[in-house]
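Encoded as structure tokens, the structure appears first; notes follow it.
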Amino acid sequence: MTTATLLAETCVPRFARGTRLQYDRVREQWFVQAPERAFLADAVAAEILQLVNGKRSVAKIIDQLAEKFSAPRDVIAQDVLNMTQELADKQVLLLA
Amino acid sequence: MTSSAITKAPPPMSLLAELTHRCPLQCPYCSNPLRLDPRAGELDTATWMRVLDEAAAMGVLQVHFSGGEPMARPDLADLVRHAVSLGLYTNLITSGVLLNRDSLKMLSDAGLDHIQLSFQDADAQEGERIGGMAGAQAKKLEAARLIVEDGLPLTLNFVIHRQNAERVPAMLDLAEQLGARRVEIAHTQYYGWGLLNRDALLPDRAQLEATEQAVAAARTRFGNRLAIDFVTPDYYAERPKPCMGGWGQRFLNISPSGKVLPCHAAESIPGLTFPSVAEESLEAIWQDSPLFNLYRGTDWMPQPCQSCAFKEDDWGGCRCQALALAGQADATDPVCHRAPAHDRIEQAIAERPETPPAFRYRRYSNTI
């Protein structure tokens, strides 16, 4: 079920109550903890989600990652927008 | 010899903490064993705290506080708080009948992450007949209202069988009306109490298909607002379910008296020794106990599992079901169409009586 609305860079994502990003020291991997399931966050997802704090806009997250990885902004933007939308669809992130 | 004797088993992802078998309800499909643990044998608070310490240290990510009715334990909020302090994700699996504003606030303040609330039906009268508790439905509806008001994410759980299957659309509507984020439409699994009551519970194929259609329609209607988990009755499946994600692969269950089990029904398998948290560490039990290594991986498998392309998908199915229906815990799950004992499943479906017999309720006095 995809939503029709396109995500705007002005959106400010935050974790819904009952979901969070967590570093697992035993497996040395990042996980998204959510109701009744924990799923692995890959390297890209972990970088993005570490910047989600309920204050930073999507635009700001893209800027920071583009600078950190010295990568073209439009490439980073695609990753961030896609993932934010996907996790909003899964009720992991809320968008304001 | 199992492969885990050489390589370490990966750590478990989740722990089901069955704090008590006491429960005000008496659902005839309860996942608790037929032989219920009495109150006198329940682990004390300090032992559960230590178990949580050990679970977090070995890599458990989520703890599901369950029962019986876990809210019957006065130390529940303390256990939740301790689990939260260890970074564990905390889930409460409750019937809701002991939940009120005060008890919920204690859990919410302790940092509880999520609640799974069970309903026996969308219809109050039927729900109370199935659960064997008068007045339960109003308490559950109030519990849902309080949980959503608090802001805690809520999953509703409905166990489906021949006596409530026609109301799956109403159950899905109820989940949406109550503001649940998830709903589980979970057909009964037939071991323990469910097997004892199989003729009273097993739906026919037309009923099953109607529930599948209701879920598909609701997914279209609700979209991302409501996540729906559908669990099929494996008697009508082509292949067995990967029970617990494989024996000793992802999951630990601790009984009220402290036995550590690979699944909540494992005590039905005779001739096994069940390790206890009172005697050994969780890590030692997980890695080294004969119980956890018995059906871990694929080395134990008989044919046709051993040469099957799906053996690491379904892990040979459910050991308890193999025991209950084929008479051997190390047999291929009879649900599998290639299993030598698959006729037991076909027979159970064929011999299902037209009129469901009376429930044998889950109570201490009905314990076998």
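Going through the structure tokens in order, the chains are called A, B, and so on, while each chain numbers its residues from 1 and the ligands are numbered from 1 in the order shown.
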
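Using only C-alpha atoms, the chain B residues found within 6 Å of chain A amount to Gly59, Asp113, His114, Gly223 and Asn224 of chain B.
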
Writing out the chosen residues with N, CA and C atoms as a short mmCIF file (atom, residue, chain, number, x, y, z; two decimals), in the first residue's frame:
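Below is the file again15.cif, written as the result:
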data_model
loop_
_atom_site.label_atom_id
_atom_site.label_comp_id
_atom_site.auth_asym_id
_atom_site.auth_seq_id
_atom_site.Cartn_x
_atom_site.Cartn_y
_atom_site.Cartn_z
N GLY B 59 22.28 -10.84 24.15
CA GLY B 59 21.85 -10.33 22.84
C GLY B 59 20.37 -10.38 22.57
N ASP B 113 7.09 -0.34 26.15
CA ASP B 113 7.12 0.10 24.76
C ASP B 113 5.83 -0.18 23.99
N HIS B 114 5.14 -1.26 24.31
CA HIS B 114 4.03 -1.70 23.45
C HIS B 114 3.12 -2.65 24.21
N GLY B 223 -5.17 0.57 4.38
CA GLY B 223 -3.83 0.98 3.93
C GLY B 223 -2.83 0.90 5.06
N ASN B 224 -2.03 1.97 5.20
CA ASN B 224 -0.97 1.96 6.21
C ASN B 224 -1.45 2.32 7.61
#

Please list as a list in words every residue within 10 Å of Leu323 (chain B), counting only C-alpha atoms and excluding residues in the same chain fewer than 4 positions away.
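Residues near the query, excluding close chain neighbours: Tyr191, Ser268, Ile269, Pro270, Cys318, Arg319, Gly327, Gln328, Ala329, Asp330, Ala331, Thr332, Asp333 and Pro334 of chain B.
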
So which one's closest to Leu93 (chain A), A:Val12, A:Ala41, A:Ile62, A:Ile76? Using only C-alpha atoms, please.
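Among A:Val12, A:Ala41, A:Ile62, A:Ile76, it is A:Val12 that comes nearest to Leu93 (chain A).
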
Residues of chain A classed as strand (DSSP E) by DSSP on the backbone are to be reported as a VMD selection string.
chain A and resid 13 to 15 20 to 24 29 to 34 37 to 41 93 to 95

Write out as JSON, numbers by chain the residues lying within 12 Å of Asp343 (chain B), counting only C-alpha atoms and excluding same-chain residues fewer than 4 positions away.
{"B": [235, 325, 326, 333, 334, 335, 336, 337, 338, 339, 347, 348, 349, 350, 351]}

Nearby residues (only C-alpha atoms) at most 8 Å from Phe292 (chain B), same-chain spacing under 3 positions excluded, as an mmCIF file with N, CA and C atoms, in the first residue's frame:
data_model
loop_
_atom_site.group_PDB
_atom_site.id
_atom_site.type_symbol
_atom_site.label_atom_id
_atom_site.label_comp_id
_atom_site.auth_asym_id
_atom_site.auth_seq_id
_atom_site.Cartn_x
_atom_site.Cartn_y
_atom_site.Cartn_z
ATOM 1 N N TRP B 247 14.030 -24.311 15.908
ATOM 2 C CA TRP B 247 14.297 -24.697 17.324
ATOM 3 C C TRP B 247 15.652 -24.132 17.760
ATOM 4 N N GLY B 248 15.641 -23.325 18.805
ATOM 5 C CA GLY B 248 16.906 -22.802 19.312
ATOM 6 C C GLY B 248 17.620 -21.854 18.367
ATOM 7 N N LEU B 261 12.721 -22.989 27.683
ATOM 8 C CA LEU B 261 12.184 -23.840 26.629
ATOM 9 C C LEU B 261 12.391 -23.202 25.260
ATOM 10 N N PRO B 262 12.570 -24.030 24.224
ATOM 11 C CA PRO B 262 12.688 -23.490 22.863
ATOM 12 C C PRO B 262 11.342 -23.025 22.306
ATOM 13 N N ILE B 285 22.511 -22.449 28.971
ATOM 14 C CA ILE B 285 21.362 -23.243 28.510
ATOM 15 C C ILE B 285 21.188 -23.099 27.008
ATOM 16 N N TRP B 286 21.267 -21.861 26.532
ATOM 17 C CA TRP B 286 21.078 -21.589 25.102
ATOM 18 C C TRP B 286 22.160 -22.282 24.265
ATOM 19 N N GLN B 287 23.404 -22.162 24.697
ATOM 20 C CA GLN B 287 24.502 -22.699 23.887
ATOM 21 C C GLN B 287 24.684 -24.204 24.057
ATOM 22 N N ASP B 288 24.635 -24.680 25.303
ATOM 23 C CA ASP B 288 25.174 -26.020 25.585
ATOM 24 C C ASP B 288 24.161 -27.060 26.030
ATOM 25 N N SER B 289 22.944 -26.661 26.371
ATOM 26 C CA SER B 289 22.036 -27.688 26.922
ATOM 27 C C SER B 289 21.654 -28.690 25.838
ATOM 28 N N TYR B 295 17.106 -30.282 18.444
ATOM 29 C CA TYR B 295 16.528 -30.102 17.100
ATOM 30 C C TYR B 295 17.016 -28.804 16.460
ATOM 31 N N ARG B 296 18.182 -28.363 16.887
ATOM 32 C CA ARG B 296 18.736 -27.123 16.332
ATOM 33 C C ARG B 296 19.365 -27.439 14.972
#

Excluding region 90-103 of chain B and any residue of its chain fewer than 6 positions from it, enumerate the residues within 6 Å of it, using only C-alpha atoms, and give them as a list of chain:residue names.
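Here the answer would be B:Val63, B:His64, B:Phe65, B:Ser66, B:Glu69, B:Leu112, B:Asp113, B:His114, B:Ile115, B:Gln116, B:Leu117, B:Ser118, B:Lys139, B:Lys140, B:Ala143.
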
Selected residues written out, C-alpha atoms, as a PDB file, in the first residue's frame:
ATOM      1  CA  VAL B  63      11.120  -9.205  25.969  1.00  0.00           C
ATOM      2  CA  HIS B  64       7.482 -10.226  25.815  1.00  0.00           C
ATOM      3  CA  PHE B  65       5.888 -10.288  29.260  1.00  0.00           C
ATOM      4  CA  SER B  66       3.176 -12.872  29.029  1.00  0.00           C
ATOM      5  CA  GLU B  69      -2.189 -12.972  32.738  1.00  0.00           C
ATOM      6  CA  LEU B 112       6.773  -0.023  28.553  1.00  0.00           C
ATOM      7  CA  ASP B 113       7.123   0.096  24.757  1.00  0.00           C
ATOM      8  CA  HIS B 114       4.033  -1.699  23.450  1.00  0.00           C
ATOM      9  CA  ILE B 115       0.895  -3.605  24.470  1.00  0.00           C
ATOM     10  CA  GLN B 116      -0.731  -6.544  22.745  1.00  0.00           C
ATOM     11  CA  LEU B 117      -4.312  -6.824  23.940  1.00  0.00           C
ATOM     12  CA  SER B 118      -6.303  -9.985  23.288  1.00  0.00           C
ATOM     13  CA  LYS B 139     -13.027  -4.345  30.601  1.00  0.00           C
ATOM     14  CA  LYS B 140     -11.113  -5.009  27.386  1.00  0.00           C
ATOM     15  CA  ALA B 143      -8.352  -1.135  28.495  1.00  0.00           C
TER      16      ALA B 143
END

Go through B:Ala237, B:Val51, B:Ala170, B:Ala218 and flag the residue nearest His342 (chain B), using only C-alpha atoms for the distances.
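Selected residue with least distance to His342 (chain B): B:Ala237.
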